[in-house]
There are 2 protein chains.
Amino acid sequence: MRQGGEKLAENLSVDIYERLSLRILKLEYAPGHRLTEEGLCAEFQVSRSPVREALNMLVQRGLVKKNPRQNYAVRELELKEIRDAYHVRLVLELEVVSLLCKQELDHAFLDRLEARWTELRDGLPDLFIHAAEEDEHFHHALAEATGNSVLAKSLAAIDSQIHFVRLSDITNLERLAKTCVDHLEIINAVRRRDLKNALIAISRNIEWAESNVEAALKAAKGRQIGKKTRSPD
Amino acid sequence: MRQGGEKLAENLSVDIYERLSLRILKLEYAPGHRLTEEGLCAEFQVSRSPVREALNMLVQRGLVKKNPRQNYAVRELELKEIRDAYHVRLVLELEVVSLLCKQELDHAFLDRLEARWTELRDGLPDLFIHAAEEDEHFHHALAEATGNSVLAKSLAAIDSQIHFVRLSDITNLERLAKTCVDHLEIINAVRRRDLKNALIAISRNIEWAESNVEAALKAAKGRQIGKKTRSPD
DNA sequence: ACAATGAAAATTGTATACAATATCGGCGTT
DNA sequence: AACGCCGATATTGTATACAATTTTCATTGT
């Protein structure tokens with residue numbers, strides 16, 4: 001729901017966490033870039049408490065590594081790791097649609113989802129400002145609909161690792177159109193309890209997304225800011 | 001490796017985190033039990049900094065719920081959630097053995113694993129003091145062997161939620177024997193690239209484990225310490 | 001007697017100060 | 001000139017102080 005880049009910081013820790021998280025996912029830091037608490041304090045003009053909490057969150061999430069000699073470094077984002085994440089995501093999402101095809105369905109829920117994506121498809125270039133969020137919402141909503149919260153949470157954890165890829169995709173109109181078609185097909189296959197086609201649709205959707213990853217990642221790495229240290233000697 | 005209850009606290013935050021984590025996983029707190037920073041400070045005789053960091057870790061991991069700006073509460077551990085966790089775990093572990101049967105194998109690794117579990121099987125009652133750790137190690141090692149670190153990490157996250165169940169199981173000798181048999185069969189099926197039997201073995205292993213969950217959970221809930229507040233009225 | 005209001009207490013968010021430890025560089029000795 | 005020792009510095013771990021906000025409870029007015 002949050003619109004643009006406005007940050008209505010409910011608290012500083014979360015705010016800093018989100019900003020650092022976004023930077024890392026967008027690969028704005030050189031791999032292995034070192035982060036210090038004091039340095040971030042100076043940059044964000046806050047005390048060490050919220051900075052430290054933000055760093056801890058990043059470490060927990062795996063975006064920042066805490067070195068044996070007690071300092072923080074931005075974790076390197078390997079291409080293989082993205083592929084691995086997509087692999088796991090596919091496995092889990094296949095389970096999601098399998099479960100949905102088996103269990104009792106909330107038709108009102110499917111109706112809302114279908115209406116939304118029909119609307120998005122028809123008003124394509126304009127309505128799709130928040131494509132990444134819409135896409136994440138779709139997949140998350142499906143996962144939640146299974147009623148298996150652990151499954152949903154596991155998927156959410158994966159998604160947070162590949163978030164930046166979706167951010168990179170929002171400019172590609174062809175991709176958006178395909179996404180709409182795929183999502184509508186997934187919805188209807190689930191409604192018909194047509195497991196086979198649901199699996200095909202979700203596979204196509206995710207694998208096609210992954211096929212865009214390498215280019216996006218390489219492009220992002222090209223944009224990478226070289227700041228191993230804040231003042232490089 | 002860590003033996004008994006000795007706490008060689010490398011730092012207080014992690015120490016407190018682990019102790020609280022264990023308490024919660026063992027269901028020693030009544031569901032919804034309220035935690036306050038100051039209260040934990042008094043109990044552990046430390047300042048709020050490490051306590052706060054421990055609580056944040058617990059929130060991140062989902063063991064503690066944080067009401068914004070208000071307080072912390074031990075999250076209720078539903079039976080359904082355990083079942084859901086086992087469900088996701090099975091899905092992921094099936095993928096693990098599928099991958100292992102497909103890819104190039106590290107035979108030395110399989111040999112070590114087989115030797116270990118043969119040893120455990122033959123010297124059963126005595127050697128199995130750390131059954132839970134051994135079991136977790138086995139499954140984690142297999143996941144790592146796939147080379148998909150995201151998969152391994154996702155599984156580790158699930159395992160941390162059902163850790164206490166394994167702790168409850170270590171007394172059951174029949175369970176231990178079955179575990180050994182299952183694990184050896186999994187190893188050998190993977191070695192033979194016998195996907196079908198590998199899947200059967202891993203399914204049996206996990207589903208049988210889950211079948212013990214409800215009893216363990218109910219037993220644990222029976223032992224639950226009623227401490228909604230530290231001094232109840 | 002009950003409800004509304006306001007003050008005090010409780011609790012978390014943030015800032016700062018202090019402690020411990022590791023890293024790096026200079027200085028002296030051989 | 002090289003090696004090692006020692007101290008200064010940098011950095012994180014922990015403690016405490018202060019701010020902001022919510023909750024609780026007592027007091028007061030109707």
# chains A, B, ... in the order shown; residues from 1 in each chain; ligands from 1

$ residues_around --residues "DT12 (chain C)" --least-positions-apart "2" --cutoff "9 Å" --atoms "only C-alpha atoms (C1' of nucleotides)" --output "ChimeraX atom specification"
/B:37,69-71 /D:20-21

$ interface_residues --of "chain A" --to "chain B" --cutoff "9 Å" --atoms "only C-alpha atoms" --output "PyMOL selection string"
chain A and resi 49+53+56-57+60-61+80-85+87-88+91-92+95+147-151+154+157-158

$ select_by_dssp --residues "chain B" --states "strand (DSSP E)" --output "list in words"
Arg34, Leu35, Val64, Lys65, Lys66, Asn67, Asn71, Tyr72, Ala73 and Val74 of chain B

$ interface_residues --of "chain A" --to "chain C" --cutoff "10 Å" --atoms "only C-alpha atoms (C1' of nucleotides)" --output "CSV table (one decimal) with N, CA, C and O atoms, in the first residue's frame"
chain,number,residue,atom,x,y,z
A,11,ASN,N,9.4,3.4,13.6
A,11,ASN,CA,10.6,3.5,14.4
A,11,ASN,C,11.9,3.4,13.6
A,11,ASN,O,11.9,2.9,12.5
A,12,LEU,N,12.9,3.9,14.2
A,12,LEU,CA,14.1,4.1,13.4
A,12,LEU,C,14.8,2.8,13.0
A,12,LEU,O,15.3,2.7,11.9
A,13,SER,N,14.7,1.8,13.8
A,13,SER,CA,15.3,0.5,13.5
A,13,SER,C,14.8,0.0,12.2
A,13,SER,O,15.5,-0.4,11.3
A,46,VAL,N,21.6,9.0,13.5
A,46,VAL,CA,20.9,8.4,14.7
A,46,VAL,C,21.9,7.8,15.6
A,46,VAL,O,23.1,7.8,15.3
A,47,SER,N,21.5,7.3,16.7
A,47,SER,CA,22.4,6.7,17.6
A,47,SER,C,22.7,5.2,17.2
A,47,SER,O,22.1,4.7,16.3
A,48,ARG,N,23.5,4.6,18.0
A,48,ARG,CA,23.9,3.2,17.6
A,48,ARG,C,22.8,2.2,17.9
A,48,ARG,O,22.7,1.2,17.3
A,49,SER,N,21.9,2.5,18.8
A,49,SER,CA,20.8,1.5,19.1
A,49,SER,C,20.0,1.1,17.9
A,49,SER,O,20.0,-0.1,17.6
A,50,PRO,N,19.4,2.0,17.2
A,50,PRO,CA,18.6,1.6,16.1
A,50,PRO,C,19.4,1.0,15.0
A,50,PRO,O,19.0,0.0,14.3
A,69,ARG,N,36.0,-11.7,13.2
A,69,ARG,CA,36.7,-10.6,13.9
A,69,ARG,C,35.8,-9.5,14.2
A,69,ARG,O,36.2,-8.3,14.3
A,70,GLN,N,34.5,-9.8,14.3
A,70,GLN,CA,33.5,-8.9,14.8
A,70,GLN,C,33.4,-7.6,14.0
A,70,GLN,O,33.5,-6.5,14.5

$ interface_residues --of "chain D" --to "chain A" --cutoff "12 Å" --atoms "only C-alpha atoms (C1' of nucleotides)" --output "MDAnalysis selection string"
chainID D and resid 10:14 20

$ atom_distance --atom1 "CA of Trp208 (chain B)" --atom2 "CA of Arg75 (chain B)"
26.3 Å
